[in-house]
>>> print(open('query_11.pdb').read())   # PDB, C-alpha atoms, pLDDT in the B column
ATOM      1  CA  MET A   1      -1.410 -16.724   7.403  1.00 74.00           C
ATOM      2  CA  THR A   2       1.409 -14.217   7.292  1.00 76.00           C
ATOM      3  CA  GLU A   3       2.283 -11.421   4.875  1.00 68.00           C
ATOM      4  CA  ALA A   4       4.697 -13.793   3.162  1.00 71.00           C
ATOM      5  CA  ASP A   5       1.730 -16.005   2.210  1.00 78.00           C
ATOM      6  CA  TRP A   6       0.039 -13.096   0.379  1.00 78.00           C
ATOM      7  CA  PHE A   7       2.813 -11.160  -1.345  1.00 77.00           C
ATOM      8  CA  LEU A   8       5.340 -12.202  -3.968  1.00 79.00           C
ATOM      9  CA  THR A   9       9.036 -11.897  -3.204  1.00 76.00           C
ATOM     10  CA  ARG A  10      11.375  -9.878  -5.422  1.00 75.00           C
ATOM     11  CA  ASP A  11      12.445 -13.052  -7.229  1.00 79.00           C
ATOM     12  CA  GLU A  12       8.854 -14.225  -7.704  1.00 82.00           C
ATOM     13  CA  ARG A  13       7.848 -10.849  -9.189  1.00 78.00           C
ATOM     14  CA  GLY A  14      10.746 -10.987 -11.652  1.00 81.00           C
ATOM     15  CA  ASN A  15      10.827  -7.247 -12.310  1.00 81.00           C
ATOM     16  CA  PRO A  16      14.315  -5.795 -11.701  1.00 77.00           C
ATOM     17  CA  SER A  17      13.141  -2.337 -12.847  1.00 81.00           C
ATOM     18  CA  THR A  18      10.681  -1.774  -9.997  1.00 77.00           C
ATOM     19  CA  SER A  19      11.468   0.369  -6.959  1.00 75.00           C
ATOM     20  CA  ILE A  20       8.961  -1.443  -4.730  1.00 72.00           C
ATOM     21  CA  ASP A  21      11.742  -3.026  -2.654  1.00 69.00           C
ATOM     22  CA  ARG A  22      13.711   0.162  -2.129  1.00 70.00           C
ATOM     23  CA  GLY A  23      14.213   1.180   1.487  1.00 66.00           C
ATOM     24  CA  GLY A  24      12.894  -1.962   3.127  1.00 64.00           C
ATOM     25  CA  ASP A  25      13.889  -5.451   4.000  1.00 65.00           C
ATOM     26  CA  PRO A  26      15.448  -7.214   1.011  1.00 64.00           C
ATOM     27  CA  GLY A  27      12.862  -9.158  -0.942  1.00 60.00           C
ATOM     28  CA  LEU A  28       9.819  -7.769   0.899  1.00 66.00           C
ATOM     29  CA  ALA A  29       7.317  -5.636  -1.009  1.00 67.00           C
ATOM     30  CA  TRP A  30       5.285  -4.669   2.033  1.00 68.00           C
ATOM     31  CA  ARG A  31       5.674  -2.746   5.260  1.00 68.00           C
ATOM     32  CA  THR A  32       4.199  -3.460   8.666  1.00 72.00           C
ATOM     33  CA  GLY A  33       2.427  -1.014  10.947  1.00 75.00           C
ATOM     34  CA  ASN A  34      -0.044   0.412   8.417  1.00 76.00           C
ATOM     35  CA  ALA A  35      -3.723   0.737   9.276  1.00 79.00           C
ATOM     36  CA  VAL A  36      -6.352  -0.349   6.768  1.00 79.00           C
ATOM     37  CA  THR A  37     -10.027   0.555   7.111  1.00 79.00           C
ATOM     38  CA  PRO A  38     -12.355  -0.899   4.477  1.00 80.00           C
ATOM     39  CA  LEU A  39     -14.924   1.661   3.286  1.00 73.00           C
ATOM     40  CA  LEU A  40     -17.448  -0.098   1.093  1.00 77.00           C
ATOM     41  CA  HIS A  41     -20.057   2.582   0.525  1.00 77.00           C
ATOM     42  CA  GLY A  42     -19.242   5.345  -1.976  1.00 82.00           C
ATOM     43  CA  CYS A  43     -20.370   8.204   0.254  1.00 87.00           C
ATOM     44  CA  SER A  44     -18.233   7.171   3.243  1.00 83.00           C
ATOM     45  CA  TYR A  45     -15.301   6.350   0.954  1.00 83.00           C
ATOM     46  CA  PHE A  46     -15.219   9.713  -0.819  1.00 88.00           C
ATOM     47  CA  SER A  47     -15.778  11.664   2.404  1.00 90.00           C
ATOM     48  CA  ARG A  48     -12.853   9.897   4.038  1.00 86.00           C
ATOM     49  CA  LEU A  49     -10.701  10.254   0.912  1.00 88.00           C
ATOM     50  CA  ALA A  50     -11.291  14.025   0.826  1.00 93.00           C
ATOM     51  CA  GLU A  51     -10.516  14.255   4.555  1.00 93.00           C
ATOM     52  CA  GLU A  52      -7.219  12.417   4.148  1.00 89.00           C
ATOM     53  CA  LEU A  53      -6.187  14.272   0.972  1.00 94.00           C
ATOM     54  CA  ARG A  54      -6.502  17.570   2.835  1.00 96.00           C
ATOM     55  CA  THR A  55      -3.589  16.455   5.039  1.00 95.00           C
ATOM     56  CA  VAL A  56      -1.228  15.658   2.145  1.00 94.00           C
ATOM     57  CA  GLY A  57       1.887  17.793   2.143  1.00 94.00           C
ATOM     58  CA  SER A  58       4.743  18.560  -0.182  1.00 93.00           C
ATOM     59  CA  GLY A  59       6.747  15.434  -0.935  1.00 91.00           C
ATOM     60  CA  ASP A  60       3.951  13.044   0.142  1.00 92.00           C
ATOM     61  CA  ALA A  61       2.793  10.304  -2.217  1.00 89.00           C
ATOM     62  CA  VAL A  62      -0.833   9.228  -2.669  1.00 88.00           C
ATOM     63  CA  TRP A  63      -1.532   5.784  -4.089  1.00 85.00           C
ATOM     64  CA  ILE A  64      -5.149   5.015  -4.938  1.00 79.00           C
ATOM     65  CA  LEU A  65      -5.569   1.411  -5.951  1.00 75.00           C
TER      66      LEU A  65
END
>>> encode(input="query_11.pdb", output="structure tokens")
Amino acid sequence: MTEADWFLTRDERGNPSTSIDRGGDPGLAWRTGNAVTPLLHGCSYFSRLAEELRTVGSGDAVWIL
């Protein structure tokens, strides 16, 4: 499977008001090269979250989903 199998295109989302496509390839709502580490236990999750939030600087965006 590829990213295209998982994510909707701009046309499939049907939301012209969103900025999700800004700055990337036309029609793609994702970026490559990001690292994802699943943290399933609350203690390890919140410890890691606090560690990462300490590095946030002015102008950075934090998205917690």
>>> atom_distance(input="query_11.pdb", atom1="atom CA of A:Thr55", atom2="atom CA of A:Val36")
17.1 Å
>>> residues_around(input="query_11.pdb", residues="A:Leu49", least_positions_apart="5", cutoff="10 Å", atoms="only C-alpha atoms", output="PyMOL selection string")
chain A and resi 39+43-44+54+64
>>> atom_distance(input="query_11.pdb", atom1="atom CA of A:Tyr45", atom2="atom CA of A:Leu65")
12.9 Å
>>> atom_distance(input="query_11.pdb", atom1="atom CA of A:Gly33", atom2="atom CA of A:Ser47")
23.8 Å
>>> build_atoms(input="query_11.pdb", residues="stretch 37-61 of chain A", atoms="N, CA and C atoms", output="tab-separated table (two decimals), in the coordinates of the input")
chain	number	residue	atom	x	y	z
A	37	THR	N	-8.62	0.50	6.75
A	37	THR	CA	-10.03	0.56	7.11
A	37	THR	C	-10.85	0.39	5.85
A	38	PRO	N	-11.54	-0.74	5.68
A	38	PRO	CA	-12.36	-0.90	4.48
A	38	PRO	C	-13.56	0.03	4.51
A	39	LEU	N	-13.77	0.77	3.44
A	39	LEU	CA	-14.92	1.66	3.29
A	39	LEU	C	-15.67	1.23	2.03
A	40	LEU	N	-16.77	0.55	2.21
A	40	LEU	CA	-17.45	-0.10	1.09
A	40	LEU	C	-18.51	0.76	0.42
A	41	HIS	N	-19.01	1.75	1.09
A	41	HIS	CA	-20.06	2.58	0.52
A	41	HIS	C	-19.43	3.83	-0.08
A	42	GLY	N	-19.83	4.22	-1.27
A	42	GLY	CA	-19.24	5.34	-1.98
A	42	GLY	C	-19.21	6.64	-1.18
A	43	CYS	N	-20.29	6.96	-0.49
A	43	CYS	CA	-20.37	8.20	0.25
A	43	CYS	C	-19.32	8.25	1.36
A	44	SER	N	-19.22	7.18	2.15
A	44	SER	CA	-18.23	7.17	3.24
A	44	SER	C	-16.82	7.12	2.68
A	45	TYR	N	-16.63	6.43	1.57
A	45	TYR	CA	-15.30	6.35	0.95
A	45	TYR	C	-14.83	7.73	0.50
A	46	PHE	N	-15.65	8.43	-0.27
A	46	PHE	CA	-15.22	9.71	-0.82
A	46	PHE	C	-15.09	10.79	0.25
A	47	SER	N	-15.93	10.73	1.28
A	47	SER	CA	-15.78	11.66	2.40
A	47	SER	C	-14.45	11.46	3.11
A	48	ARG	N	-14.11	10.21	3.37
A	48	ARG	CA	-12.85	9.90	4.04
A	48	ARG	C	-11.66	10.22	3.14
A	49	LEU	N	-11.77	9.94	1.85
A	49	LEU	CA	-10.70	10.25	0.91
A	49	LEU	C	-10.42	11.76	0.91
A	50	ALA	N	-11.47	12.57	0.82
A	50	ALA	CA	-11.29	14.02	0.83
A	50	ALA	C	-10.65	14.49	2.13
A	51	GLU	N	-11.08	13.92	3.24
A	51	GLU	CA	-10.52	14.26	4.56
A	51	GLU	C	-9.02	13.96	4.60
A	52	GLU	N	-8.63	12.81	4.12
A	52	GLU	CA	-7.22	12.42	4.15
A	52	GLU	C	-6.38	13.23	3.16
A	53	LEU	N	-6.93	13.51	1.97
A	53	LEU	CA	-6.19	14.27	0.97
A	53	LEU	C	-5.91	15.70	1.42
A	54	ARG	N	-6.75	16.22	2.30
A	54	ARG	CA	-6.50	17.57	2.84
A	54	ARG	C	-5.23	17.63	3.69
A	55	THR	N	-4.77	16.48	4.18
A	55	THR	CA	-3.59	16.45	5.04
A	55	THR	C	-2.30	16.19	4.26
A	56	VAL	N	-2.40	15.96	2.96
A	56	VAL	CA	-1.23	15.66	2.14
A	56	VAL	C	-0.35	16.90	2.04
A	57	GLY	N	0.95	16.68	2.22
A	57	GLY	CA	1.89	17.79	2.14
A	57	GLY	C	2.88	17.61	1.01
A	58	SER	N	3.71	18.60	0.85
A	58	SER	CA	4.74	18.56	-0.18
A	58	SER	C	5.65	17.36	0.04
A	59	GLY	N	5.88	16.61	-1.01
A	59	GLY	CA	6.75	15.43	-0.94
A	59	GLY	C	6.01	14.15	-0.57
A	60	ASP	N	4.74	14.24	-0.17
A	60	ASP	CA	3.95	13.04	0.14
A	60	ASP	C	3.54	12.35	-1.15
A	61	ALA	N	3.28	11.08	-1.08
A	61	ALA	CA	2.79	10.30	-2.22
A	61	ALA	C	1.42	9.75	-1.88
